[in-house]
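Undergrad: Coordinates in structure_4.pdb, PDB, C-alpha atoms, are listed below.
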```pdb
ATOM      1  CA  MET A 242     -15.531  -6.654 -28.286
ATOM      2  CA  ARG A 243     -12.512  -8.021 -30.117
ATOM      3  CA  ASN A 244      -8.837  -7.599 -29.314
ATOM      4  CA  ASN A 245      -8.483  -5.048 -32.068
ATOM      5  CA  SER A 246     -11.074  -2.799 -30.474
ATOM      6  CA  SER A 247     -10.238   0.649 -29.256
ATOM      7  CA  ALA A 248     -10.314  -0.514 -25.643
ATOM      8  CA  THR A 249      -7.101  -2.468 -26.202
ATOM      9  CA  LEU A 250      -5.114   0.486 -27.449
ATOM     10  CA  PRO A 251      -2.972   2.723 -25.216
ATOM     11  CA  THR A 252      -4.806   5.705 -23.834
ATOM     12  CA  ALA A 253      -4.437   8.765 -26.011
ATOM     13  CA  PRO A 254      -2.493  11.724 -24.608
ATOM     14  CA  ALA A 255      -5.625  13.850 -24.575
ATOM     15  CA  LEU A 256      -9.247  12.844 -24.462
ATOM     16  CA  SER A 257     -12.316  14.767 -25.509
ATOM     17  CA  PRO A 258     -14.621  15.768 -22.614
ATOM     18  CA  PRO A 259     -17.233  13.114 -23.545
ATOM     19  CA  ALA A 260     -14.577  10.373 -23.602
ATOM     20  CA  ALA A 261     -13.110  11.542 -20.298
ATOM     21  CA  ARG A 262     -16.567  11.538 -18.726
ATOM     22  CA  ALA A 263     -17.161   8.031 -20.085
ATOM     23  CA  GLY A 264     -13.956   6.745 -18.468
ATOM     24  CA  LEU A 265     -14.888   8.356 -15.170
ATOM     25  CA  GLY A 266     -18.423   6.983 -15.402
ATOM     26  CA  TRP A 267     -17.214   3.428 -15.916
ATOM     27  CA  GLY A 268     -14.803   3.856 -13.002
ATOM     28  CA  VAL A 269     -17.580   5.076 -10.697
ATOM     29  CA  LEU A 270     -19.744   2.126 -11.755
ATOM     30  CA  GLY A 271     -16.938  -0.307 -10.962
ATOM     31  CA  VAL A 272     -16.256   1.227  -7.551
ATOM     32  CA  ALA A 273     -19.965   1.200  -6.718
ATOM     33  CA  ALA A 274     -20.038  -2.521  -7.540
ATOM     34  CA  PHE A 275     -16.961  -3.202  -5.385
ATOM     35  CA  SER A 276     -18.342  -1.211  -2.445
ATOM     36  CA  PHE A 277     -20.904  -3.958  -1.726
ATOM     37  CA  THR A 278     -18.265  -6.726  -1.693
ATOM     38  CA  VAL A 279     -17.280  -6.506   1.978
ATOM     39  CA  PRO A 280     -20.865  -6.225   3.332
ATOM     40  CA  CYS A 281     -22.012  -9.126   1.135
ATOM     41  CA  THR A 282     -19.062 -11.256   2.216
ATOM     42  CA  ARG A 283     -19.787 -10.441   5.847
ATOM     43  CA  ALA A 284     -23.435 -11.401   5.352
ATOM     44  CA  VAL A 285     -22.701 -14.860   3.944
ATOM     45  CA  VAL A 286     -19.929 -15.905   6.384
ATOM     46  CA  ASP A 287     -21.479 -14.368   9.503
ATOM     47  CA  ASP A 288     -23.678 -17.277  10.652
ATOM     48  CA  GLY A 289     -21.375 -20.080   9.504
ATOM     49  CA  GLY A 290     -23.719 -21.404   6.820
ATOM     50  CA  MET A 291     -21.044 -20.870   4.183
ATOM     51  CA  SER A 292     -17.390 -21.361   5.029
ATOM     52  CA  PRO A 293     -14.786 -18.761   4.002
ATOM     53  CA  LEU A 294     -13.161 -21.429   1.819
ATOM     54  CA  PHE A 295     -16.423 -22.021  -0.034
ATOM     55  CA  VAL A 296     -17.205 -18.311  -0.443
ATOM     56  CA  GLY A 297     -13.709 -17.438  -1.654
ATOM     57  CA  SER A 298     -13.531 -20.268  -4.207
ATOM     58  CA  ALA A 299     -17.125 -20.715  -5.379
ATOM     59  CA  ARG A 300     -17.589 -17.046  -6.225
ATOM     60  CA  ALA A 301     -14.551 -17.316  -8.518
ATOM     61  CA  VAL A 302     -16.052 -20.406 -10.190
ATOM     62  CA  VAL A 303     -19.311 -18.558 -10.884
ATOM     63  CA  ALA A 304     -17.415 -15.642 -12.385
ATOM     64  CA  ALA A 305     -15.157 -17.969 -14.404
ATOM     65  CA  VAL A 306     -18.182 -19.574 -16.080
ATOM     66  CA  LEU A 307     -19.428 -16.145 -17.161
ATOM     67  CA  ALA A 308     -15.938 -15.121 -18.305
ATOM     68  CA  ALA A 309     -15.423 -18.298 -20.338
ATOM     69  CA  ALA A 310     -18.770 -17.799 -22.060
ATOM     70  CA  ALA A 311     -17.938 -14.178 -22.912
ATOM     71  CA  LEU A 312     -14.507 -15.122 -24.300
ATOM     72  CA  ALA A 313     -15.924 -17.969 -26.371
ATOM     73  CA  LEU A 314     -18.854 -16.000 -27.776
ATOM     74  CA  THR A 315     -16.584 -13.148 -28.901
ATOM     75  CA  ARG A 316     -13.835 -15.524 -30.124
ATOM     76  CA  GLN A 317     -11.018 -13.842 -28.267
ATOM     77  CA  ARG A 318      -7.451 -14.617 -29.207
ATOM     78  CA  LEU A 319      -5.410 -16.531 -26.632
ATOM     79  CA  PRO A 320      -2.853 -14.528 -24.622
ATOM     80  CA  ARG A 321       0.745 -15.009 -25.687
ATOM     81  CA  GLY A 322       3.977 -15.947 -23.932
ATOM     82  CA  GLY A 323       4.687 -13.865 -20.871
ATOM     83  CA  GLN A 324       1.118 -12.575 -20.751
ATOM     84  CA  TRP A 325       0.091 -15.837 -19.100
ATOM     85  CA  GLY A 326       2.495 -15.232 -16.230
ATOM     86  CA  ARG A 327       1.177 -11.720 -15.774
ATOM     87  CA  LEU A 328      -2.391 -13.031 -15.852
ATOM     88  CA  ALA A 329      -1.425 -15.472 -13.105
ATOM     89  CA  LEU A 330      -0.256 -12.471 -11.063
ATOM     90  CA  VAL A 331      -3.605 -10.736 -11.616
ATOM     91  CA  ALA A 332      -5.490 -13.907 -10.709
ATOM     92  CA  GLY A 333      -3.398 -14.438  -7.596
ATOM     93  CA  GLY A 334      -4.200 -10.916  -6.441
ATOM     94  CA  VAL A 335      -7.856 -10.268  -7.239
ATOM     95  CA  VAL A 336      -9.301 -13.756  -7.829
ATOM     96  CA  VAL A 337      -7.538 -15.687  -5.059
ATOM     97  CA  GLY A 338      -5.767 -13.404  -2.594
ATOM     98  CA  PHE A 339      -8.282 -10.660  -1.882
ATOM     99  CA  PRO A 340     -11.452 -12.841  -1.788
ATOM    100  CA  PHE A 341      -9.954 -15.519   0.468
ATOM    101  CA  LEU A 342      -8.200 -13.165   2.873
ATOM    102  CA  THR A 343     -11.229 -10.916   3.310
ATOM    103  CA  SER A 344     -13.567 -13.919   3.675
ATOM    104  CA  TYR A 345     -11.527 -15.291   6.570
ATOM    105  CA  ALA A 346     -11.016 -11.854   8.141
ATOM    106  CA  LEU A 347     -14.734 -11.061   8.057
ATOM    107  CA  THR A 348     -15.530 -14.073  10.221
ATOM    108  CA  ARG A 349     -13.810 -12.180  13.046
ATOM    109  CA  THR A 350     -14.442  -8.478  12.446
ATOM    110  CA  SER A 351     -17.031  -6.046  11.121
ATOM    111  CA  ALA A 352     -17.436  -4.755   7.584
ATOM    112  CA  SER A 353     -16.900  -1.176   8.820
ATOM    113  CA  HIS A 354     -13.575  -2.039  10.446
ATOM    114  CA  SER A 355     -12.478  -3.885   7.319
ATOM    115  CA  ALA A 356     -13.405  -0.943   5.103
ATOM    116  CA  VAL A 357     -11.053   1.369   6.994
ATOM    117  CA  VAL A 358      -8.061  -0.958   6.580
ATOM    118  CA  ILE A 359      -8.933  -1.643   2.935
ATOM    119  CA  ALA A 360      -9.005   2.142   2.389
ATOM    120  CA  LEU A 361      -5.232   1.761   1.981
ATOM    121  CA  LEU A 362      -5.841   0.088  -1.377
ATOM    122  CA  PRO A 363      -5.690   3.208  -3.621
ATOM    123  CA  ALA A 364      -2.347   4.298  -2.186
ATOM    124  CA  ALA A 365      -0.986   0.726  -2.250
ATOM    125  CA  THR A 366      -2.047   0.379  -5.875
ATOM    126  CA  ALA A 367      -0.388   3.694  -6.702
ATOM    127  CA  VAL A 368       2.858   2.576  -5.042
ATOM    128  CA  LEU A 369       2.971  -0.712  -6.948
ATOM    129  CA  ALA A 370       1.978   0.955 -10.210
ATOM    130  CA  ALA A 371       4.800   3.465  -9.733
ATOM    131  CA  LEU A 372       7.312   0.696  -9.063
ATOM    132  CA  ARG A 373       5.990  -1.531 -11.837
ATOM    133  CA  GLY A 374       5.975   1.344 -14.324
ATOM    134  CA  ARG A 375       9.454   2.494 -13.177
ATOM    135  CA  GLU A 376       8.105   5.916 -12.319
ATOM    136  CA  ARG A 377       9.856   8.380 -10.029
ATOM    137  CA  PRO A 378       7.086  10.048  -7.984
ATOM    138  CA  VAL A 379       7.769  13.166  -5.953
ATOM    139  CA  ARG A 380       8.739  12.868  -2.301
ATOM    140  CA  ALA A 381       5.267  13.927  -1.136
ATOM    141  CA  PHE A 382       3.877  10.746  -2.663
ATOM    142  CA  TRP A 383       6.053   8.469  -0.546
ATOM    143  CA  VAL A 384       5.424  10.549   2.580
ATOM    144  CA  ALA A 385       1.651  10.406   2.114
ATOM    145  CA  ALA A 386       1.711   6.688   1.374
ATOM    146  CA  GLY A 387       3.758   6.097   4.524
ATOM    147  CA  VAL A 388       1.430   8.237   6.634
ATOM    148  CA  GLY A 389      -1.550   6.316   5.298
ATOM    149  CA  ALA A 390       0.038   2.997   6.215
ATOM    150  CA  VAL A 391       0.848   4.233   9.724
ATOM    151  CA  ALA A 392      -2.697   5.568  10.129
ATOM    152  CA  ALA A 393      -4.187   2.218   9.097
ATOM    153  CA  VAL A 394      -1.918   0.277  11.451
ATOM    154  CA  ALA A 395      -2.672   2.708  14.300
ATOM    155  CA  PHE A 396      -6.405   2.352  13.688
ATOM    156  CA  ALA A 397      -6.158  -1.436  13.652
ATOM    157  CA  ALA A 398      -4.111  -1.410  16.873
ATOM    158  CA  ALA A 399      -6.472   0.975  18.656
ATOM    159  CA  HIS A 400      -9.565  -0.868  17.494
ATOM    160  CA  GLY A 401      -7.993  -4.185  18.451
ATOM    161  CA  GLY A 402      -7.205  -3.255  22.031
ATOM    162  CA  GLY A 403      -4.291  -0.865  21.789
ATOM    163  CA  LEU A 404      -1.208  -2.478  23.319
ATOM    164  CA  GLY A 405      -1.778  -5.791  21.614
ATOM    165  CA  GLY A 406      -1.423  -4.213  18.186
ATOM    166  CA  PRO A 407      -3.280  -5.335  15.086
ATOM    167  CA  ARG A 408      -4.902  -8.717  15.523
ATOM    168  CA  ALA A 409      -4.828 -11.712  13.176
ATOM    169  CA  PHE A 410      -7.784 -10.535  11.112
ATOM    170  CA  ASP A 411      -6.079  -7.169  10.573
ATOM    171  CA  LEU A 412      -3.035  -8.952   9.193
ATOM    172  CA  LEU A 413      -5.369 -10.803   6.825
ATOM    173  CA  LEU A 414      -6.861  -7.480   5.723
ATOM    174  CA  PHE A 415      -3.422  -5.949   5.142
ATOM    175  CA  GLY A 416      -2.542  -9.011   3.088
ATOM    176  CA  ALA A 417      -5.761  -8.567   1.105
ATOM    177  CA  VAL A 418      -4.814  -4.953   0.368
ATOM    178  CA  LEU A 419      -1.388  -6.009  -0.908
ATOM    179  CA  ALA A 420      -2.869  -8.806  -3.033
ATOM    180  CA  ALA A 421      -5.492  -6.554  -4.605
ATOM    181  CA  ALA A 422      -2.941  -3.791  -5.239
ATOM    182  CA  VAL A 423      -0.747  -6.237  -7.154
ATOM    183  CA  GLY A 424      -3.726  -7.423  -9.185
ATOM    184  CA  TYR A 425      -4.952  -3.887  -9.903
ATOM    185  CA  ALA A 426      -1.547  -2.522 -10.902
ATOM    186  CA  GLU A 427      -0.631  -5.446 -13.159
ATOM    187  CA  GLY A 428      -4.167  -5.704 -14.501
ATOM    188  CA  GLY A 429      -4.249  -2.035 -15.414
ATOM    189  CA  LEU A 430      -1.067  -2.441 -17.462
ATOM    190  CA  LEU A 431      -2.157  -5.712 -19.038
ATOM    191  CA  ALA A 432      -5.549  -4.265 -20.011
ATOM    192  CA  ARG A 433      -3.739  -2.050 -22.518
ATOM    193  CA  GLU A 434      -2.545  -5.172 -24.322
ATOM    194  CA  LEU A 435      -5.396  -7.663 -23.955
ATOM    195  CA  GLY A 436      -8.330  -5.329 -23.471
ATOM    196  CA  ALA A 437     -10.235  -4.221 -20.408
ATOM    197  CA  TRP A 438     -12.747  -7.008 -19.814
ATOM    198  CA  GLN A 439     -10.540  -9.623 -21.471
ATOM    199  CA  THR A 440      -7.886  -9.227 -18.765
ATOM    200  CA  ILE A 441     -10.096 -10.183 -15.831
ATOM    201  CA  SER A 442     -11.846 -12.831 -17.942
ATOM    202  CA  TRP A 443      -8.611 -14.645 -18.782
ATOM    203  CA  ALA A 444      -7.483 -14.336 -15.156
ATOM    204  CA  LEU A 445     -10.724 -15.967 -14.005
ATOM    205  CA  VAL A 446     -10.461 -18.777 -16.560
ATOM    206  CA  LEU A 447      -6.827 -19.399 -15.598
ATOM    207  CA  SER A 448      -7.758 -19.766 -11.923
ATOM    208  CA  ALA A 449     -10.886 -21.861 -12.557
ATOM    209  CA  PRO A 450      -9.382 -25.408 -12.124
ATOM    210  CA  PRO A 451      -7.916 -24.874  -8.624
ATOM    211  CA  MET A 452     -10.946 -22.829  -7.557
ATOM    212  CA  LEU A 453     -13.279 -25.626  -8.701
ATOM    213  CA  LEU A 454     -11.256 -28.149  -6.692
ATOM    214  CA  LEU A 455     -11.337 -25.958  -3.579
ATOM    215  CA  THR A 456     -15.086 -25.467  -3.985
ATOM    216  CA  ALA A 457     -15.599 -29.235  -4.037
ATOM    217  CA  VAL A 458     -13.404 -29.668  -0.941
ATOM    218  CA  ALA A 459     -15.240 -26.912   0.919
ATOM    219  CA  ALA A 460     -18.661 -28.320   0.017
ATOM    220  CA  ALA A 461     -17.588 -31.807   1.133
ATOM    221  CA  GLU A 462     -16.332 -30.527   4.488
ATOM    222  CA  ARG A 463     -19.433 -28.467   5.175
ATOM    223  CA  ARG A 464     -22.546 -28.404   3.071
ATOM    224  CA  PRO A 465     -23.195 -24.731   2.266
ATOM    225  CA  SER A 466     -26.513 -23.362   3.469
ATOM    226  CA  GLY A 467     -28.155 -20.004   3.910
ATOM    227  CA  SER A 468     -31.295 -17.956   3.608
ATOM    228  CA  ALA A 469     -32.554 -16.539   0.342
ATOM    229  CA  ALA A 470     -30.941 -13.195   1.200
ATOM    230  CA  GLU A 471     -27.599 -14.866   1.906
ATOM    231  CA  TRP A 472     -27.658 -16.781  -1.373
ATOM    232  CA  ALA A 473     -28.534 -13.526  -3.142
ATOM    233  CA  ALA A 474     -25.501 -11.904  -1.496
ATOM    234  CA  PHE A 475     -23.343 -14.833  -2.646
ATOM    235  CA  ALA A 476     -24.702 -14.477  -6.184
ATOM    236  CA  TYR A 477     -23.754 -10.806  -6.077
ATOM    237  CA  LEU A 478     -20.194 -11.738  -5.098
ATOM    238  CA  GLY A 479     -19.851 -14.141  -8.005
ATOM    239  CA  VAL A 480     -21.631 -12.206 -10.745
ATOM    240  CA  VAL A 481     -20.993  -8.568  -9.855
ATOM    241  CA  SER A 482     -18.000  -8.324  -7.503
ATOM    242  CA  MET A 483     -15.903 -10.883  -9.360
ATOM    243  CA  PHE A 484     -16.984 -10.219 -12.948
ATOM    244  CA  LEU A 485     -19.226  -7.298 -13.912
ATOM    245  CA  GLY A 486     -17.549  -4.905 -11.479
ATOM    246  CA  PHE A 487     -14.142  -5.645 -13.001
ATOM    247  CA  LEU A 488     -15.508  -5.201 -16.505
ATOM    248  CA  ALA A 489     -16.582  -1.674 -15.584
ATOM    249  CA  TRP A 490     -13.422  -0.898 -13.579
ATOM    250  CA  TYR A 491     -10.894  -2.010 -16.201
ATOM    251  CA  ARG A 492     -13.032  -0.435 -18.928
ATOM    252  CA  GLY A 493     -12.807   2.897 -17.099
ATOM    253  CA  LEU A 494      -9.037   2.550 -16.676
ATOM    254  CA  ALA A 495      -8.629   1.674 -20.358
ATOM    255  CA  ILE A 496     -10.595   4.738 -21.503
ATOM    256  CA  GLY A 497      -8.894   6.945 -18.937
ATOM    257  CA  PRO A 498      -7.450   9.229 -18.041
ATOM    258  CA  MET A 499      -6.172   6.373 -15.860
ATOM    259  CA  ALA A 500      -4.777   8.721 -13.222
ATOM    260  CA  ARG A 501      -8.084  10.490 -12.799
ATOM    261  CA  VAL A 502     -10.224   7.351 -12.906
ATOM    262  CA  SER A 503      -8.084   5.637 -10.255
ATOM    263  CA  GLN A 504      -8.870   8.408  -7.766
ATOM    264  CA  VAL A 505     -12.546   7.409  -7.797
ATOM    265  CA  GLN A 506     -11.589   4.420  -5.652
ATOM    266  CA  LEU A 507     -11.065   6.775  -2.711
ATOM    267  CA  VAL A 508     -14.837   6.910  -2.157
ATOM    268  CA  GLN A 509     -15.159   3.117  -1.912
ATOM    269  CA  PRO A 510     -14.550   2.810   1.862
ATOM    270  CA  VAL A 511     -17.090   5.549   2.549
ATOM    271  CA  MET A 512     -19.669   3.699   0.477
ATOM    272  CA  THR A 513     -18.785   0.363   2.079
ATOM    273  CA  VAL A 514     -19.217   1.715   5.611
ATOM    274  CA  SER A 515     -22.549   3.251   4.593
ATOM    275  CA  TRP A 516     -23.838  -0.091   3.266
ATOM    276  CA  ALA A 517     -22.637  -1.884   6.406
ATOM    277  CA  VAL A 518     -24.575   0.528   8.598
ATOM    278  CA  LEU A 519     -27.713   0.485   6.428
ATOM    279  CA  PHE A 520     -27.961  -3.210   5.555
ATOM    280  CA  LEU A 521     -26.044  -5.014   8.318
ATOM    281  CA  GLY A 522     -27.061  -2.747  11.185
ATOM    282  CA  GLU A 523     -23.473  -2.136  12.283
ATOM    283  CA  GLU A 524     -22.828   0.752  14.660
ATOM    284  CA  LEU A 525     -20.709   3.599  13.350
ATOM    285  CA  ALA A 526     -18.163   4.439  16.061
ATOM    286  CA  TRP A 527     -16.152   7.652  16.104
ATOM    287  CA  ALA A 528     -12.940   5.621  15.954
ATOM    288  CA  THR A 529     -14.099   4.163  12.638
ATOM    289  CA  VAL A 530     -15.002   7.595  11.271
ATOM    290  CA  LEU A 531     -11.702   9.211  12.326
ATOM    291  CA  GLY A 532      -9.632   6.248  11.161
ATOM    292  CA  GLY A 533     -11.403   6.226   7.812
ATOM    293  CA  VAL A 534     -10.894   9.969   7.324
ATOM    294  CA  ALA A 535      -7.168   9.683   8.116
ATOM    295  CA  VAL A 536      -6.555   6.742   5.794
ATOM    296  CA  VAL A 537      -8.669   8.095   2.911
ATOM    297  CA  ALA A 538      -7.073  11.558   3.189
ATOM    298  CA  SER A 539      -3.570  10.066   3.114
ATOM    299  CA  ALA A 540      -4.458   7.854   0.162
ATOM    300  CA  GLY A 541      -5.895  10.863  -1.676
ATOM    301  CA  VAL A 542      -2.730  12.895  -1.160
ATOM    302  CA  ALA A 543      -0.577   9.950  -2.270
ATOM    303  CA  VAL A 544      -2.554   9.359  -5.450
ATOM    304  CA  ARG A 545      -2.560  13.048  -6.341
ATOM    305  CA  ALA A 546       1.143  13.452  -5.540
ATOM    306  CA  ARG A 547       1.977  10.515  -7.803
ATOM    307  CA  LEU A 548       0.400  12.453 -10.649
ATOM    308  CA  ALA A 549       2.630  15.487 -10.179
ATOM    309  CA  PRO A 550       4.922  15.855 -13.195
ATOM    310  CA  VAL A 551       8.506  14.869 -12.541
ATOM    311  CA  PRO A 552      10.999  15.928 -15.243
ATOM    312  CA  ALA A 553      12.513  12.959 -16.996
ATOM    313  CA  PRO A 554      16.340  12.748 -17.069
ATOM    314  CA  ALA A 555      16.443  13.494 -20.794
ATOM    315  CA  ALA A 556      14.156  16.484 -20.344
ATOM    316  CA  ARG A 557      16.340  17.822 -17.543
ATOM    317  CA  GLU A 558      19.459  17.445 -19.698
ATOM    318  CA  ARG A 559      17.802  19.347 -22.550
ATOM    319  CA  GLU A 560      16.786  22.095 -20.149
ATOM    320  CA  ARG A 561      20.348  22.354 -18.799
ATOM    321  CA  GLY A 562      21.626  22.556 -22.373
ATOM    322  CA  ARG A 563      19.228  25.383 -23.183
ATOM    323  CA  GLU A 564      20.270  27.234 -20.017
ATOM    324  CA  SER A 565      23.937  26.853 -20.960
ATOM    325  CA  GLU A 566      23.244  28.208 -24.456
ATOM    326  CA  ARG A 567      21.421  31.182 -22.965
ATOM    327  CA  GLU A 568      24.330  31.864 -20.605
ATOM    328  CA  ARG A 569      26.810  31.702 -23.487
ATOM    329  CA  GLY A 570      24.593  34.039 -25.513
ATOM    330  CA  ARG A 571      24.545  36.598 -22.691
ATOM    331  CA  ALA A 572      28.259  36.353 -21.987
ATOM    332  CA  PRO A 573      29.511  38.808 -24.703
ATOM    333  CA  THR A 574      26.919  41.403 -23.665
ATOM    334  CA  ALA A 575      28.021  41.155 -20.065
ATOM    335  CA  ARG A 576      31.671  41.723 -21.020
ATOM    336  CA  GLY A 577      30.730  44.665 -23.237
TER     337      GLY A 577
END
```
Please re-express this file's structure in structure tokens.
TA:
Amino acid sequence: MRNNSSATLPTAPALSPPAARAGLGWGVLGVAAFSFTVPCTRAVVDDGGMSPLFVGSARAVVAAVLAAAALALTRQRLPRGGQWGRLALVAGGVVVGFPFLTSYALTRTSASHSAVVIALLPAATAVLAALRGRERPVRAFWVAAGVGAVAAVAFAAAHGGGLGGPRAFDLLLFGAVLAAAVGYAEGGLLARELGAWQTISWALVLSAPPMLLLTAVAAAERRPSGSAAEWAAFAYLGVVSMFLGFLAWYRGLAIGPMARVSQVQLVQPVMTVSWAVLFLGEELAWATVLGGVAVVASAGVAVRARLAPVPAPAARERERGRESERERGRAPTARG
């Protein structure tokens, strides 16, 4: 795909049903790929064979090699000017921030617990996208986003012992949510300029030098080891979670409708908890179920409320002008 492909163009105001289904399909594929990220990360850092530093950095190196090959083979044009700074923001969020913070958090907590806190991600992404795009969502959006944040904090506090509040690993998870939301929001906007898969590819290439250095440091401190299953889980993190999953996700957002495709992410925590129970043997407590329902429901309301049409100032002024003209037109009849 080249930069002049249709994926790099702004989404059309209206899409045909087949195109809309294609965007939704790519979004579902991306979310399905992401849903295995937390369980796979938990699997590789659980027994200490691979350090969180190694997992967070080496997976990015694997993905960067694939991204560099794809960019070179398709002869992509280099980003320009301020696009590099925005790519650094994407890389800081989804290549560095989220992988490292979740890797360290998952050495102390379960994948199911993490999935509930990370369920805040759709609403957090919607908030940052609204601020970044200078939107003015309706009040219900902010209320729902706030309720979702309170629900996630309450769940973390209750699951962490109540009076002590959220523990250190919960703070890491909240930081991971914020980092990923920044990367998703900025990446979604940048994908309209650079292309869907090109955006994550350039972000990976940009972050490759420091990630390679950190990988070498981590390997020197502790030689990574693991079973065949654990190395397979690590390979999934590098190839699918960090590269192929983003290709599908940004492709879906580029095709759109972006608002509709973004709502697919609400099912990710449900899928993640399911994989944790099936493949990691984690117990599914009622607190996890209720906390997940509360956070996902709040995120769903926030995302949907953000989509509610809010009249632009110019549109409101035109409407007031038309009302004034109608009043003036009725005035003579009223006096008669």
Undergrad: Point out the residue among A:Leu488, A:Phe520, A:Gln439, A:Val514 with the least atom-to-atom distance to Val269 (chain A), counting only C-alpha atoms.
TA: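 Residue with the minimum atom-to-atom distance to Val269 (chain A): A:Leu488.
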Undergrad: Could you give me, as an NGL selection string, the residues within 8 Å of Ala370 (chain A), counting all atoms listed in the file and dropping anything in the same chain fewer than 3 positions from it?
TA: :A and (366-367 or 373-374 or 426-427)
Undergrad: Report the distance between CA of Ala364 (chain A) and CA of Ala474 (chain A) in Å, rounded to one decimal place.
TA: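 Separation of CA of Ala364 (chain A) and CA of Ala474 (chain A): 28.3 Å.
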Undergrad: May I ask which of the residues A:Ala390, A:Ala284, A:Ala381, A:Val508 is the closest one to Ala535 (chain A), counting all atoms listed in the file?
TA: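 Nearest to Ala535 (chain A): A:Ala390.
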Undergrad: Take CA of Pro450 (chain A) and CA of Val279 (chain A) and report the distance between them in Å, one decimal.
TA: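 Separating CA of Pro450 (chain A) from CA of Val279 (chain A) is a distance of 24.9 Å.
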Undergrad: For this structure, which residues satisfy the selection - the PyMOL selection byres ((chain A and resi 515-519) around 12) - when it is evaluated on the file as given? I want them as a PyMOL selection string.
TA: chain A and resi 273-284+351-357+508-514+520-526+529-530+533
Undergrad: Please compute the CA of Tyr491 (chain A)-CA of Leu453 (chain A) distance, one decimal, in Å.
TA: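 For CA of Tyr491 (chain A) relative to CA of Leu453 (chain A), the distance reads 24.9 Å.
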Undergrad: Set the distance at 10 Å and use all atoms listed in the file: which residues neighbour Ala476 (chain A) once local chain neighbours fewer than 6 positions away are removed? I'd like the list as a list in words.
TA: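 Counting only the stated atoms, we get Cys281, Ala299, Arg300, Val303, Ala304, Ala470 and Ser482 of chain A.
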Undergrad: Output region 470-483 of chain A with N, CA and C atoms present, as an mmCIF file, in the coordinates of the input.
TA:
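Just written: selection38.cif:
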```
data_model
loop_
_atom_site.group_PDB
_atom_site.id
_atom_site.type_symbol
_atom_site.label_atom_id
_atom_site.label_comp_id
_atom_site.auth_asym_id
_atom_site.auth_seq_id
_atom_site.Cartn_x
_atom_site.Cartn_y
_atom_site.Cartn_z
ATOM 1 N N ALA A 470 -31.723 -14.434 1.235
ATOM 2 C CA ALA A 470 -30.941 -13.195 1.200
ATOM 3 C C ALA A 470 -29.444 -13.493 1.153
ATOM 4 N N GLU A 471 -29.024 -14.513 1.896
ATOM 5 C CA GLU A 471 -27.599 -14.866 1.906
ATOM 6 C C GLU A 471 -27.163 -15.450 0.569
ATOM 7 N N TRP A 472 -28.004 -16.258 -0.047
ATOM 8 C CA TRP A 472 -27.658 -16.781 -1.373
ATOM 9 C C TRP A 472 -27.667 -15.666 -2.416
ATOM 10 N N ALA A 473 -28.537 -14.679 -2.233
ATOM 11 C CA ALA A 473 -28.534 -13.526 -3.142
ATOM 12 C C ALA A 473 -27.239 -12.735 -2.983
ATOM 13 N N ALA A 474 -26.775 -12.596 -1.738
ATOM 14 C CA ALA A 474 -25.501 -11.904 -1.496
ATOM 15 C C ALA A 474 -24.347 -12.678 -2.121
ATOM 16 N N PHE A 475 -24.386 -14.019 -2.018
ATOM 17 C CA PHE A 475 -23.343 -14.833 -2.646
ATOM 18 C C PHE A 475 -23.372 -14.673 -4.161
ATOM 19 N N ALA A 476 -24.586 -14.666 -4.736
ATOM 20 C CA ALA A 476 -24.702 -14.477 -6.184
ATOM 21 C C ALA A 476 -24.120 -13.132 -6.599
ATOM 22 N N TYR A 477 -24.323 -12.117 -5.775
ATOM 23 C CA TYR A 477 -23.754 -10.806 -6.077
ATOM 24 C C TYR A 477 -22.224 -10.898 -6.108
ATOM 25 N N LEU A 478 -21.652 -11.607 -5.144
ATOM 26 C CA LEU A 478 -20.194 -11.738 -5.098
ATOM 27 C C LEU A 478 -19.652 -12.397 -6.359
ATOM 28 N N GLY A 479 -20.337 -13.428 -6.833
ATOM 29 C CA GLY A 479 -19.851 -14.141 -8.005
ATOM 30 C C GLY A 479 -20.086 -13.408 -9.311
ATOM 31 N N VAL A 480 -21.265 -12.820 -9.465
ATOM 32 C CA VAL A 480 -21.631 -12.206 -10.745
ATOM 33 C C VAL A 480 -21.133 -10.771 -10.858
ATOM 34 N N VAL A 481 -21.314 -9.998 -9.795
ATOM 35 C CA VAL A 481 -20.993 -8.568 -9.855
ATOM 36 C C VAL A 481 -19.585 -8.270 -9.340
ATOM 37 N N SER A 482 -19.305 -8.660 -8.089
ATOM 38 C CA SER A 482 -18.000 -8.324 -7.503
ATOM 39 C C SER A 482 -16.834 -8.935 -8.272
ATOM 40 N N MET A 483 -17.015 -10.183 -8.723
ATOM 41 C CA MET A 483 -15.903 -10.883 -9.360
ATOM 42 C C MET A 483 -15.873 -10.749 -10.875
#
```
